[in-house]
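Enquirer: Here you go, coords_4.cif (mmCIF, N, CA and C atoms):
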data_final
loop_
_atom_site.group_PDB
_atom_site.id
_atom_site.type_symbol
_atom_site.label_atom_id
_atom_site.label_comp_id
_atom_site.auth_asym_id
_atom_site.auth_seq_id
_atom_site.Cartn_x
_atom_site.Cartn_y
_atom_site.Cartn_z
ATOM 1 N N MET R 1 45.602 -2.282 104.255
ATOM 2 C CA MET R 1 46.227 -3.245 105.141
ATOM 3 C C MET R 1 47.618 -2.737 105.516
ATOM 4 N N LYS R 2 47.954 -2.865 106.796
ATOM 5 C CA LYS R 2 49.232 -2.377 107.297
ATOM 6 C C LYS R 2 50.382 -3.255 106.797
ATOM 7 N N ASP R 3 51.496 -2.612 106.520
ATOM 8 C CA ASP R 3 52.721 -3.321 106.137
ATOM 9 C C ASP R 3 53.502 -3.627 107.420
ATOM 10 N N TYR R 4 53.707 -4.902 107.698
ATOM 11 C CA TYR R 4 54.382 -5.329 108.923
ATOM 12 C C TYR R 4 55.849 -5.668 108.698
ATOM 13 N N THR R 5 56.425 -5.191 107.613
ATOM 14 C CA THR R 5 57.814 -5.512 107.289
ATOM 15 C C THR R 5 58.760 -5.134 108.420
ATOM 16 N N ALA R 6 58.636 -3.947 108.959
ATOM 17 C CA ALA R 6 59.540 -3.493 110.024
ATOM 18 C C ALA R 6 59.416 -4.364 111.266
ATOM 19 N N GLU R 7 58.205 -4.734 111.632
ATOM 20 C CA GLU R 7 57.991 -5.565 112.811
ATOM 21 C C GLU R 7 58.566 -6.968 112.607
ATOM 22 N N ILE R 8 58.345 -7.525 111.428
ATOM 23 C CA ILE R 8 58.865 -8.864 111.131
ATOM 24 C C ILE R 8 60.389 -8.846 111.135
ATOM 25 N N ASN R 9 60.992 -7.839 110.508
ATOM 26 C CA ASN R 9 62.452 -7.745 110.486
ATOM 27 C C ASN R 9 63.028 -7.563 111.891
ATOM 28 N N ALA R 10 62.345 -6.796 112.733
ATOM 29 C CA ALA R 10 62.804 -6.623 114.118
ATOM 30 C C ALA R 10 62.744 -7.955 114.859
ATOM 31 N N ALA R 11 61.692 -8.733 114.637
ATOM 32 C CA ALA R 11 61.573 -10.044 115.270
ATOM 33 C C ALA R 11 62.681 -10.981 114.783
ATOM 34 N N VAL R 12 62.972 -10.957 113.495
ATOM 35 C CA VAL R 12 64.048 -11.792 112.948
ATOM 36 C C VAL R 12 65.392 -11.392 113.563
ATOM 37 N N ARG R 13 65.653 -10.092 113.664
ATOM 38 C CA ARG R 13 66.901 -9.632 114.289
ATOM 39 C C ARG R 13 66.991 -10.098 115.747
ATOM 40 N N GLU R 14 65.885 -10.030 116.472
ATOM 41 C CA GLU R 14 65.869 -10.468 117.871
ATOM 42 C C GLU R 14 66.132 -11.971 117.965
ATOM 43 N N LEU R 15 65.531 -12.754 117.104
ATOM 44 C CA LEU R 15 65.774 -14.200 117.110
ATOM 45 C C LEU R 15 67.230 -14.501 116.770
ATOM 46 N N GLY R 16 67.812 -13.735 115.864
ATOM 47 C CA GLY R 16 69.230 -13.890 115.552
ATOM 48 C C GLY R 16 70.101 -13.564 116.749
ATOM 49 N N ARG R 17 69.729 -12.529 117.484
ATOM 50 C CA ARG R 17 70.479 -12.162 118.687
ATOM 51 C C ARG R 17 70.384 -13.267 119.734
ATOM 52 N N ILE R 18 69.201 -13.835 119.896
ATOM 53 C CA ILE R 18 69.011 -14.922 120.853
ATOM 54 C C ILE R 18 69.885 -16.117 120.469
ATOM 55 N N ALA R 19 69.878 -16.487 119.194
ATOM 56 C CA ALA R 19 70.691 -17.619 118.725
ATOM 57 C C ALA R 19 72.174 -17.346 118.938
ATOM 58 N N TYR R 20 72.610 -16.137 118.625
ATOM 59 C CA TYR R 20 74.018 -15.761 118.778
ATOM 60 C C TYR R 20 74.448 -15.811 120.248
ATOM 61 N N GLU R 21 73.640 -15.242 121.125
ATOM 62 C CA GLU R 21 73.980 -15.224 122.551
ATOM 63 C C GLU R 21 74.021 -16.636 123.127
ATOM 64 N N GLU R 22 73.088 -17.487 122.714
ATOM 65 C CA GLU R 22 73.093 -18.865 123.203
ATOM 66 C C GLU R 22 74.321 -19.611 122.680
ATOM 67 N N ALA R 23 74.665 -19.422 121.408
ATOM 68 C CA ALA R 23 75.847 -20.074 120.836
ATOM 69 C C ALA R 23 77.100 -19.668 121.614
ATOM 70 N N ARG R 24 77.222 -18.391 121.924
ATOM 71 C CA ARG R 24 78.379 -17.925 122.701
ATOM 72 C C ARG R 24 78.358 -18.493 124.121
ATOM 73 N N ALA R 25 77.186 -18.612 124.701
ATOM 74 C CA ALA R 25 77.076 -19.097 126.083
ATOM 75 C C ALA R 25 77.483 -20.566 126.205
ATOM 76 N N VAL R 26 77.176 -21.377 125.202
ATOM 77 C CA VAL R 26 77.453 -22.813 125.308
ATOM 78 C C VAL R 26 78.671 -23.245 124.490
ATOM 79 N N CYS R 27 79.308 -22.319 123.819
ATOM 80 C CA CYS R 27 80.485 -22.635 123.000
ATOM 81 C C CYS R 27 81.591 -23.208 123.883
ATOM 82 N N PRO R 28 82.120 -24.385 123.512
ATOM 83 C CA PRO R 28 83.213 -24.940 124.310
ATOM 84 C C PRO R 28 84.448 -24.050 124.228
ATOM 85 N N VAL R 29 85.145 -23.933 125.336
ATOM 86 C CA VAL R 29 86.297 -23.036 125.395
ATOM 87 C C VAL R 29 87.529 -23.803 125.869
ATOM 88 N N ARG R 30 88.525 -23.829 125.032
ATOM 89 C CA ARG R 30 89.835 -24.317 125.471
ATOM 90 C C ARG R 30 90.767 -23.110 125.510
ATOM 91 N N THR R 31 90.873 -22.406 124.384
ATOM 92 C CA THR R 31 91.708 -21.199 124.340
ATOM 93 C C THR R 31 90.859 -19.937 124.266
ATOM 94 N N GLY R 32 89.584 -20.086 123.875
ATOM 95 C CA GLY R 32 88.700 -18.935 123.705
ATOM 96 C C GLY R 32 88.645 -18.428 122.283
ATOM 97 N N ARG R 33 89.495 -18.951 121.403
ATOM 98 C CA ARG R 33 89.547 -18.463 120.020
ATOM 99 C C ARG R 33 88.218 -18.682 119.295
ATOM 100 N N LEU R 34 87.634 -19.867 119.423
ATOM 101 C CA LEU R 34 86.374 -20.165 118.741
ATOM 102 C C LEU R 34 85.264 -19.242 119.227
ATOM 103 N N LYS R 35 85.130 -19.108 120.519
ATOM 104 C CA LYS R 35 84.077 -18.256 121.084
ATOM 105 C C LYS R 35 84.253 -16.804 120.645
ATOM 106 N N ARG R 36 85.490 -16.306 120.671
ATOM 107 C CA ARG R 36 85.746 -14.916 120.248
ATOM 108 C C ARG R 36 85.472 -14.712 118.762
ATOM 109 N N SER R 37 85.589 -15.774 117.976
ATOM 110 C CA SER R 37 85.426 -15.638 116.527
ATOM 111 C C SER R 37 83.968 -15.631 116.088
ATOM 112 N N LEU R 38 83.057 -16.029 116.962
ATOM 113 C CA LEU R 38 81.642 -16.053 116.570
ATOM 114 C C LEU R 38 81.177 -14.640 116.214
ATOM 115 N N THR R 39 80.508 -14.548 115.092
ATOM 116 C CA THR R 39 80.056 -13.257 114.578
ATOM 117 C C THR R 39 78.626 -13.413 114.074
ATOM 118 N N ASN R 40 77.830 -12.376 114.206
ATOM 119 C CA ASN R 40 76.495 -12.411 113.616
ATOM 120 C C ASN R 40 76.282 -11.155 112.780
ATOM 121 N N ASN R 41 75.431 -11.293 111.785
ATOM 122 C CA ASN R 41 75.182 -10.196 110.869
ATOM 123 C C ASN R 41 73.758 -10.295 110.345
ATOM 124 N N THR R 42 73.074 -9.186 110.262
ATOM 125 C CA THR R 42 71.750 -9.136 109.654
ATOM 126 C C THR R 42 71.910 -8.699 108.209
ATOM 127 N N VAL R 43 71.299 -9.453 107.312
ATOM 128 C CA VAL R 43 71.400 -9.185 105.881
ATOM 129 C C VAL R 43 69.997 -8.938 105.350
ATOM 130 N N TYR R 44 69.873 -7.962 104.463
ATOM 131 C CA TYR R 44 68.591 -7.654 103.846
ATOM 132 C C TYR R 44 68.649 -7.971 102.352
ATOM 133 N N ASP R 45 67.498 -8.275 101.767
ATOM 134 C CA ASP R 45 67.451 -8.506 100.332
ATOM 135 C C ASP R 45 67.682 -7.191 99.588
ATOM 136 N N ARG R 46 67.735 -7.247 98.280
ATOM 137 C CA ARG R 46 68.040 -6.042 97.483
ATOM 138 C C ARG R 46 67.061 -4.902 97.732
ATOM 139 N N ALA R 47 65.823 -5.234 97.993
ATOM 140 C CA ALA R 47 64.819 -4.196 98.247
ATOM 141 C C ALA R 47 64.904 -3.671 99.672
ATOM 142 N N GLY R 48 65.716 -4.303 100.494
ATOM 143 C CA GLY R 48 65.866 -3.861 101.876
ATOM 144 C C GLY R 48 64.683 -4.218 102.739
ATOM 145 N N LYS R 49 63.896 -5.198 102.305
ATOM 146 C CA LYS R 49 62.685 -5.530 103.045
ATOM 147 C C LYS R 49 62.780 -6.808 103.863
ATOM 148 N N THR R 50 63.488 -7.807 103.373
ATOM 149 C CA THR R 50 63.509 -9.103 104.046
ATOM 150 C C THR R 50 64.831 -9.301 104.772
ATOM 151 N N ALA R 51 64.748 -9.487 106.067
ATOM 152 C CA ALA R 51 65.950 -9.667 106.888
ATOM 153 C C ALA R 51 66.236 -11.145 107.098
ATOM 154 N N SER R 52 67.521 -11.453 107.163
ATOM 155 C CA SER R 52 67.960 -12.768 107.613
ATOM 156 C C SER R 52 69.206 -12.545 108.461
ATOM 157 N N VAL R 53 69.442 -13.460 109.378
ATOM 158 C CA VAL R 53 70.583 -13.339 110.280
ATOM 159 C C VAL R 53 71.511 -14.519 110.039
ATOM 160 N N THR R 54 72.790 -14.221 109.950
ATOM 161 C CA THR R 54 73.807 -15.251 109.771
ATOM 162 C C THR R 54 74.737 -15.226 110.970
ATOM 163 N N ILE R 55 75.030 -16.412 111.492
ATOM 164 C CA ILE R 55 75.999 -16.546 112.581
ATOM 165 C C ILE R 55 77.098 -17.444 112.045
ATOM 166 N N TRP R 56 78.343 -16.990 112.140
ATOM 167 C CA TRP R 56 79.437 -17.754 111.562
ATOM 168 C C TRP R 56 80.731 -17.545 112.322
ATOM 169 N N THR R 57 81.703 -18.338 111.922
ATOM 170 C CA THR R 57 83.053 -18.218 112.452
ATOM 171 C C THR R 57 84.014 -18.566 111.328
ATOM 172 N N ASP R 58 85.206 -18.006 111.369
ATOM 173 C CA ASP R 58 86.213 -18.334 110.356
ATOM 174 C C ASP R 58 87.302 -19.240 110.917
ATOM 175 N N VAL R 59 87.084 -19.777 112.114
ATOM 176 C CA VAL R 59 88.053 -20.690 112.717
ATOM 177 C C VAL R 59 87.982 -22.022 111.961
ATOM 178 N N PRO R 60 89.119 -22.522 111.465
ATOM 179 C CA PRO R 60 89.106 -23.730 110.639
ATOM 180 C C PRO R 60 88.522 -24.974 111.318
ATOM 181 N N TYR R 61 88.624 -25.075 112.623
ATOM 182 C CA TYR R 61 88.153 -26.278 113.306
ATOM 183 C C TYR R 61 86.724 -26.149 113.836
ATOM 184 N N ALA R 62 86.036 -25.079 113.508
ATOM 185 C CA ALA R 62 84.693 -24.835 114.037
ATOM 186 C C ALA R 62 83.718 -25.958 113.679
ATOM 187 N N ALA R 63 83.737 -26.414 112.436
ATOM 188 C CA ALA R 63 82.820 -27.474 112.017
ATOM 189 C C ALA R 63 83.121 -28.771 112.760
ATOM 190 N N ALA R 64 84.395 -29.060 112.981
ATOM 191 C CA ALA R 64 84.769 -30.280 113.700
ATOM 192 C C ALA R 64 84.255 -30.244 115.132
ATOM 193 N N VAL R 65 84.269 -29.081 115.754
ATOM 194 C CA VAL R 65 83.747 -28.951 117.122
ATOM 195 C C VAL R 65 82.228 -29.109 117.106
ATOM 196 N N GLU R 66 81.556 -28.429 116.175
ATOM 197 C CA GLU R 66 80.095 -28.479 116.084
ATOM 198 C C GLU R 66 79.602 -29.894 115.771
ATOM 199 N N LEU R 67 80.219 -30.556 114.802
ATOM 200 C CA LEU R 67 79.714 -31.826 114.291
ATOM 201 C C LEU R 67 80.415 -33.056 114.847
ATOM 202 N N GLY R 68 81.573 -32.856 115.467
ATOM 203 C CA GLY R 68 82.349 -33.976 115.982
ATOM 204 C C GLY R 68 83.198 -34.605 114.882
ATOM 205 N N THR R 69 84.236 -35.316 115.290
ATOM 206 C CA THR R 69 85.094 -36.032 114.344
ATOM 207 C C THR R 69 85.634 -37.269 115.032
ATOM 208 N N GLY R 70 85.752 -38.347 114.284
ATOM 209 C CA GLY R 70 86.339 -39.559 114.837
ATOM 210 C C GLY R 70 85.760 -39.910 116.195
ATOM 211 N N ASN R 71 86.601 -39.888 117.213
ATOM 212 C CA ASN R 71 86.135 -40.240 118.554
ATOM 213 C C ASN R 71 85.704 -39.033 119.379
ATOM 214 N N ARG R 72 85.724 -37.852 118.789
ATOM 215 C CA ARG R 72 85.268 -36.651 119.512
ATOM 216 C C ARG R 72 83.782 -36.434 119.263
ATOM 217 N N LYS R 73 83.055 -36.276 120.344
ATOM 218 C CA LYS R 73 81.609 -36.070 120.241
ATOM 219 C C LYS R 73 81.302 -34.663 119.751
ATOM 220 N N PRO R 74 80.179 -34.505 119.051
ATOM 221 C CA PRO R 74 79.781 -33.157 118.616
ATOM 222 C C PRO R 74 79.461 -32.273 119.807
ATOM 223 N N ARG R 75 79.775 -30.994 119.671
ATOM 224 C CA ARG R 75 79.462 -29.989 120.700
ATOM 225 C C ARG R 75 78.613 -28.922 120.016
ATOM 226 N N HIS R 76 77.345 -29.143 119.884
ATOM 227 C CA HIS R 76 76.444 -28.342 119.061
ATOM 228 C C HIS R 76 76.201 -26.937 119.616
ATOM 229 N N TYR R 77 77.209 -26.095 119.577
ATOM 230 C CA TYR R 77 77.044 -24.722 120.071
ATOM 231 C C TYR R 77 76.179 -23.904 119.110
ATOM 232 N N LEU R 78 76.384 -24.039 117.806
ATOM 233 C CA LEU R 78 75.538 -23.321 116.839
ATOM 234 C C LEU R 78 74.137 -23.923 116.808
ATOM 235 N N GLY R 79 74.066 -25.238 116.819
ATOM 236 C CA GLY R 79 72.770 -25.912 116.823
ATOM 237 C C GLY R 79 71.959 -25.574 118.059
ATOM 238 N N SER R 80 72.629 -25.463 119.180
ATOM 239 C CA SER R 80 71.955 -25.100 120.423
ATOM 240 C C SER R 80 71.348 -23.700 120.325
ATOM 241 N N GLY R 81 72.112 -22.787 119.730
ATOM 242 C CA GLY R 81 71.601 -21.429 119.538
ATOM 243 C C GLY R 81 70.388 -21.413 118.624
ATOM 244 N N ALA R 82 70.454 -22.182 117.553
ATOM 245 C CA ALA R 82 69.331 -22.248 116.610
ATOM 246 C C ALA R 82 68.103 -22.860 117.272
ATOM 247 N N GLN R 83 68.304 -23.892 118.078
ATOM 248 C CA GLN R 83 67.180 -24.525 118.762
ATOM 249 C C GLN R 83 66.521 -23.580 119.765
ATOM 250 N N LYS R 84 67.325 -22.831 120.492
ATOM 251 C CA LYS R 84 66.745 -21.892 121.456
ATOM 252 C C LYS R 84 65.947 -20.822 120.729
ATOM 253 N N ALA R 85 66.493 -20.288 119.638
ATOM 254 C CA ALA R 85 65.771 -19.277 118.869
ATOM 255 C C ALA R 85 64.473 -19.859 118.304
ATOM 256 N N ALA R 86 64.514 -21.103 117.831
ATOM 257 C CA ALA R 86 63.311 -21.734 117.280
ATOM 258 C C ALA R 86 62.224 -21.860 118.345
ATOM 259 N N ARG R 87 62.613 -22.209 119.560
ATOM 260 C CA ARG R 87 61.628 -22.304 120.648
ATOM 261 C C ARG R 87 61.025 -20.944 120.982
ATOM 262 N N MET R 88 61.769 -19.875 120.741
ATOM 263 C CA MET R 88 61.324 -18.528 121.096
ATOM 264 C C MET R 88 60.492 -17.848 120.011
ATOM 265 N N VAL R 89 60.388 -18.450 118.826
ATOM 266 C CA VAL R 89 59.694 -17.805 117.699
ATOM 267 C C VAL R 89 58.292 -17.335 118.072
ATOM 268 N N PRO R 90 57.415 -18.176 118.618
ATOM 269 C CA PRO R 90 56.061 -17.684 118.907
ATOM 270 C C PRO R 90 56.047 -16.481 119.852
ATOM 271 N N ALA R 91 56.833 -16.542 120.920
ATOM 272 C CA ALA R 91 56.839 -15.444 121.899
ATOM 273 C C ALA R 91 57.394 -14.165 121.290
ATOM 274 N N VAL R 92 58.494 -14.277 120.549
ATOM 275 C CA VAL R 92 59.108 -13.083 119.956
ATOM 276 C C VAL R 92 58.159 -12.445 118.942
ATOM 277 N N PHE R 93 57.528 -13.252 118.105
ATOM 278 C CA PHE R 93 56.612 -12.672 117.121
ATOM 279 C C PHE R 93 55.375 -12.084 117.789
ATOM 280 N N ARG R 94 54.898 -12.673 118.882
ATOM 281 C CA ARG R 94 53.780 -12.055 119.607
ATOM 282 C C ARG R 94 54.165 -10.669 120.105
ATOM 283 N N ILE R 95 55.391 -10.552 120.618
ATOM 284 C CA ILE R 95 55.855 -9.267 121.133
ATOM 285 C C ILE R 95 55.978 -8.252 120.000
ATOM 286 N N TYR R 96 56.672 -8.615 118.928
ATOM 287 C CA TYR R 96 56.939 -7.649 117.858
ATOM 288 C C TYR R 96 55.737 -7.385 116.969
ATOM 289 N N MET R 97 54.808 -8.326 116.901
ATOM 290 C CA MET R 97 53.640 -8.117 116.060
ATOM 291 C C MET R 97 52.480 -7.546 116.876
ATOM 292 N N GLY R 98 52.695 -7.307 118.144
ATOM 293 C CA GLY R 98 51.670 -6.657 118.973
ATOM 294 C C GLY R 98 50.453 -7.519 119.209
ATOM 295 N N GLY R 99 50.644 -8.836 119.245
ATOM 296 C CA GLY R 99 49.521 -9.727 119.555
ATOM 297 C C GLY R 99 48.607 -10.008 118.387
ATOM 298 N N ILE R 100 49.012 -9.654 117.165
ATOM 299 C CA ILE R 100 48.183 -9.928 115.982
ATOM 300 C C ILE R 100 48.001 -11.423 115.845
ATOM 301 N N GLY R 101 46.796 -11.854 115.532
ATOM 302 C CA GLY R 101 46.535 -13.264 115.292
ATOM 303 C C GLY R 101 46.137 -14.043 116.537
ATOM 304 N N LYS R 102 45.869 -13.332 117.622
ATOM 305 C CA LYS R 102 45.440 -14.027 118.857
ATOM 306 C C LYS R 102 44.043 -14.543 118.685
#
Show me, as structure tokens, the structure contained in the file I just sent.

Expert:
Amino acid sequence: MKDYTAEINAAVRELGRIAYEEARAVCPVRTGRLKRSLTNNTVYDRAGKTASVTIWTDVPYAAAVELGTGNRKPRHYLGSGAQKAARMVPAVFRIYMGGIGK
């Protein structure tokens, strides 16, 4: 049986890229600091086989913008990116897995 680790990891990286690009596209901008601070990184387990993607920012007010505070409404820039990537999962895996499971 073929090992599909490389294909699965490539699909995960692509979904992370999609989420990151969407987060940057919809990120609210007043000064641009929050948008510029968005960073993504692919992390592998100790065996180097399982990929995961993290999107983060070190701006102190990032959570307040994402989740809202007091009378300020949430501006789900990270959530929007995650939702877009989630919608793309079937298509991305079809592409990277070469149509397996059709």

Enquirer: If you measure from atom CA of Leu78 of chain R to atom CA of Thr39 of chain R, what distance in Å do you get, rounded to one decimal?

Expert: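 Distance reported for this atom pair: 11.3 Å.
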
Enquirer: Report the distance between atom CA of Arg87 of chain R and atom CA of Ile8 of chain R in Å, rounded to one decimal place.

Expert: 16.7 Å

Enquirer: Using all atoms of segment 87-92 of chain R listed in the file and a margin of 4 Å per side, can you give the axis-aligned box centre and edge lengths in Å to one decimal, as AutoDock Vina command-line options?

Expert:
--center_x 59.3 --center_y -17.4 --center_z 119.8 --size_x 14.6 --size_y 17.9 --size_z 12.2

Enquirer: Any idea what the distance is between atom N of Val26 of chain R and atom N of Ala51 of chain R?

Expert: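 Taking atom N of Val26 of chain R as the start and atom N of Ala51 of chain R as the end point, the length is 25.7 Å.
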
Enquirer: Where does DSSP see alpha helix (DSSP H) in chain R, if you list the residues as a short mmCIF file (atom, residue, chain, number, x, y, z; two decimals) with N, CA and C atoms, in the frame of the given file?

Expert:
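Result file is part.cif:
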data_model
loop_
_atom_site.label_atom_id
_atom_site.label_comp_id
_atom_site.auth_asym_id
_atom_site.auth_seq_id
_atom_site.Cartn_x
_atom_site.Cartn_y
_atom_site.Cartn_z
N THR R 5 56.42 -5.19 107.61
CA THR R 5 57.81 -5.51 107.29
C THR R 5 58.76 -5.13 108.42
N ALA R 6 58.64 -3.95 108.96
CA ALA R 6 59.54 -3.49 110.02
C ALA R 6 59.42 -4.36 111.27
N GLU R 7 58.20 -4.73 111.63
CA GLU R 7 57.99 -5.56 112.81
C GLU R 7 58.57 -6.97 112.61
N ILE R 8 58.34 -7.52 111.43
CA ILE R 8 58.86 -8.86 111.13
C ILE R 8 60.39 -8.85 111.14
N ASN R 9 60.99 -7.84 110.51
CA ASN R 9 62.45 -7.74 110.49
C ASN R 9 63.03 -7.56 111.89
N ALA R 10 62.34 -6.80 112.73
CA ALA R 10 62.80 -6.62 114.12
C ALA R 10 62.74 -7.96 114.86
N ALA R 11 61.69 -8.73 114.64
CA ALA R 11 61.57 -10.04 115.27
C ALA R 11 62.68 -10.98 114.78
N VAL R 12 62.97 -10.96 113.50
CA VAL R 12 64.05 -11.79 112.95
C VAL R 12 65.39 -11.39 113.56
N ARG R 13 65.65 -10.09 113.66
CA ARG R 13 66.90 -9.63 114.29
C ARG R 13 66.99 -10.10 115.75
N GLU R 14 65.89 -10.03 116.47
CA GLU R 14 65.87 -10.47 117.87
C GLU R 14 66.13 -11.97 117.96
N LEU R 15 65.53 -12.75 117.10
CA LEU R 15 65.77 -14.20 117.11
C LEU R 15 67.23 -14.50 116.77
N GLY R 16 67.81 -13.74 115.86
CA GLY R 16 69.23 -13.89 115.55
C GLY R 16 70.10 -13.56 116.75
N ARG R 17 69.73 -12.53 117.48
CA ARG R 17 70.48 -12.16 118.69
C ARG R 17 70.38 -13.27 119.73
N ILE R 18 69.20 -13.84 119.90
CA ILE R 18 69.01 -14.92 120.85
C ILE R 18 69.89 -16.12 120.47
N ALA R 19 69.88 -16.49 119.19
CA ALA R 19 70.69 -17.62 118.72
C ALA R 19 72.17 -17.35 118.94
N TYR R 20 72.61 -16.14 118.62
CA TYR R 20 74.02 -15.76 118.78
C TYR R 20 74.45 -15.81 120.25
N GLU R 21 73.64 -15.24 121.12
CA GLU R 21 73.98 -15.22 122.55
C GLU R 21 74.02 -16.64 123.13
N GLU R 22 73.09 -17.49 122.71
CA GLU R 22 73.09 -18.86 123.20
C GLU R 22 74.32 -19.61 122.68
N ALA R 23 74.67 -19.42 121.41
CA ALA R 23 75.85 -20.07 120.84
C ALA R 23 77.10 -19.67 121.61
N ARG R 24 77.22 -18.39 121.92
CA ARG R 24 78.38 -17.92 122.70
C ARG R 24 78.36 -18.49 124.12
N ALA R 25 77.19 -18.61 124.70
CA ALA R 25 77.08 -19.10 126.08
C ALA R 25 77.48 -20.57 126.20
N VAL R 26 77.18 -21.38 125.20
CA VAL R 26 77.45 -22.81 125.31
C VAL R 26 78.67 -23.24 124.49
N ARG R 33 89.50 -18.95 121.40
CA ARG R 33 89.55 -18.46 120.02
C ARG R 33 88.22 -18.68 119.30
N LEU R 34 87.63 -19.87 119.42
CA LEU R 34 86.37 -20.16 118.74
C LEU R 34 85.26 -19.24 119.23
N LYS R 35 85.13 -19.11 120.52
CA LYS R 35 84.08 -18.26 121.08
C LYS R 35 84.25 -16.80 120.64
N ARG R 36 85.49 -16.31 120.67
CA ARG R 36 85.75 -14.92 120.25
C ARG R 36 85.47 -14.71 118.76
N SER R 37 85.59 -15.77 117.98
CA SER R 37 85.43 -15.64 116.53
C SER R 37 83.97 -15.63 116.09
N ALA R 62 86.04 -25.08 113.51
CA ALA R 62 84.69 -24.84 114.04
C ALA R 62 83.72 -25.96 113.68
N ALA R 63 83.74 -26.41 112.44
CA ALA R 63 82.82 -27.47 112.02
C ALA R 63 83.12 -28.77 112.76
N ALA R 64 84.40 -29.06 112.98
CA ALA R 64 84.77 -30.28 113.70
C ALA R 64 84.26 -30.24 115.13
N VAL R 65 84.27 -29.08 115.75
CA VAL R 65 83.75 -28.95 117.12
C VAL R 65 82.23 -29.11 117.11
N GLU R 66 81.56 -28.43 116.18
CA GLU R 66 80.10 -28.48 116.08
C GLU R 66 79.60 -29.89 115.77
N LEU R 67 80.22 -30.56 114.80
CA LEU R 67 79.71 -31.83 114.29
C LEU R 67 80.42 -33.06 114.85
N TYR R 77 77.21 -26.10 119.58
CA TYR R 77 77.04 -24.72 120.07
C TYR R 77 76.18 -23.90 119.11
N LEU R 78 76.38 -24.04 117.81
CA LEU R 78 75.54 -23.32 116.84
C LEU R 78 74.14 -23.92 116.81
N GLY R 79 74.07 -25.24 116.82
CA GLY R 79 72.77 -25.91 116.82
C GLY R 79 71.96 -25.57 118.06
N SER R 80 72.63 -25.46 119.18
CA SER R 80 71.96 -25.10 120.42
C SER R 80 71.35 -23.70 120.32
N GLY R 81 72.11 -22.79 119.73
CA GLY R 81 71.60 -21.43 119.54
C GLY R 81 70.39 -21.41 118.62
N ALA R 82 70.45 -22.18 117.55
CA ALA R 82 69.33 -22.25 116.61
C ALA R 82 68.10 -22.86 117.27
N GLN R 83 68.30 -23.89 118.08
CA GLN R 83 67.18 -24.52 118.76
C GLN R 83 66.52 -23.58 119.76
N LYS R 84 67.32 -22.83 120.49
CA LYS R 84 66.74 -21.89 121.46
C LYS R 84 65.95 -20.82 120.73
N ALA R 85 66.49 -20.29 119.64
CA ALA R 85 65.77 -19.28 118.87
C ALA R 85 64.47 -19.86 118.30
N ALA R 86 64.51 -21.10 117.83
CA ALA R 86 63.31 -21.73 117.28
C ALA R 86 62.22 -21.86 118.34
N ARG R 87 62.61 -22.21 119.56
CA ARG R 87 61.63 -22.30 120.65
C ARG R 87 61.02 -20.94 120.98
N MET R 88 61.77 -19.88 120.74
CA MET R 88 61.32 -18.53 121.10
C MET R 88 60.49 -17.85 120.01
N VAL R 89 60.39 -18.45 118.83
CA VAL R 89 59.69 -17.80 117.70
C VAL R 89 58.29 -17.34 118.07
N PRO R 90 57.42 -18.18 118.62
CA PRO R 90 56.06 -17.68 118.91
C PRO R 90 56.05 -16.48 119.85
N ALA R 91 56.83 -16.54 120.92
CA ALA R 91 56.84 -15.44 121.90
C ALA R 91 57.39 -14.16 121.29
N VAL R 92 58.49 -14.28 120.55
CA VAL R 92 59.11 -13.08 119.96
C VAL R 92 58.16 -12.44 118.94
N PHE R 93 57.53 -13.25 118.10
CA PHE R 93 56.61 -12.67 117.12
C PHE R 93 55.38 -12.08 117.79
N ARG R 94 54.90 -12.67 118.88
CA ARG R 94 53.78 -12.06 119.61
C ARG R 94 54.16 -10.67 120.10
N ILE R 95 55.39 -10.55 120.62
CA ILE R 95 55.86 -9.27 121.13
C ILE R 95 55.98 -8.25 120.00
N TYR R 96 56.67 -8.62 118.93
CA TYR R 96 56.94 -7.65 117.86
C TYR R 96 55.74 -7.38 116.97
#

Enquirer: Applying 10 Å and only C-alpha atoms, which residues near Ala64 of chain R remain after dropping the ones on its own chain fewer than 6 positions away? List them as an mmCIF file with N, CA and C atoms, keeping the file's coordinate frame.

Expert:
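Writing done, so here's out-v3.cif:
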data_model
loop_
_atom_site.group_PDB
_atom_site.id
_atom_site.type_symbol
_atom_site.label_atom_id
_atom_site.label_comp_id
_atom_site.auth_asym_id
_atom_site.auth_seq_id
_atom_site.Cartn_x
_atom_site.Cartn_y
_atom_site.Cartn_z
ATOM 1 N N GLY R 70 85.752 -38.347 114.284
ATOM 2 C CA GLY R 70 86.339 -39.559 114.837
ATOM 3 C C GLY R 70 85.760 -39.910 116.195
ATOM 4 N N ARG R 72 85.724 -37.852 118.789
ATOM 5 C CA ARG R 72 85.268 -36.651 119.512
ATOM 6 C C ARG R 72 83.782 -36.434 119.263
ATOM 7 N N LYS R 73 83.055 -36.276 120.344
ATOM 8 C CA LYS R 73 81.609 -36.070 120.241
ATOM 9 C C LYS R 73 81.302 -34.663 119.751
ATOM 10 N N PRO R 74 80.179 -34.505 119.051
ATOM 11 C CA PRO R 74 79.781 -33.157 118.616
ATOM 12 C C PRO R 74 79.461 -32.273 119.807
ATOM 13 N N ARG R 75 79.775 -30.994 119.671
ATOM 14 C CA ARG R 75 79.462 -29.989 120.700
ATOM 15 C C ARG R 75 78.613 -28.922 120.016
#
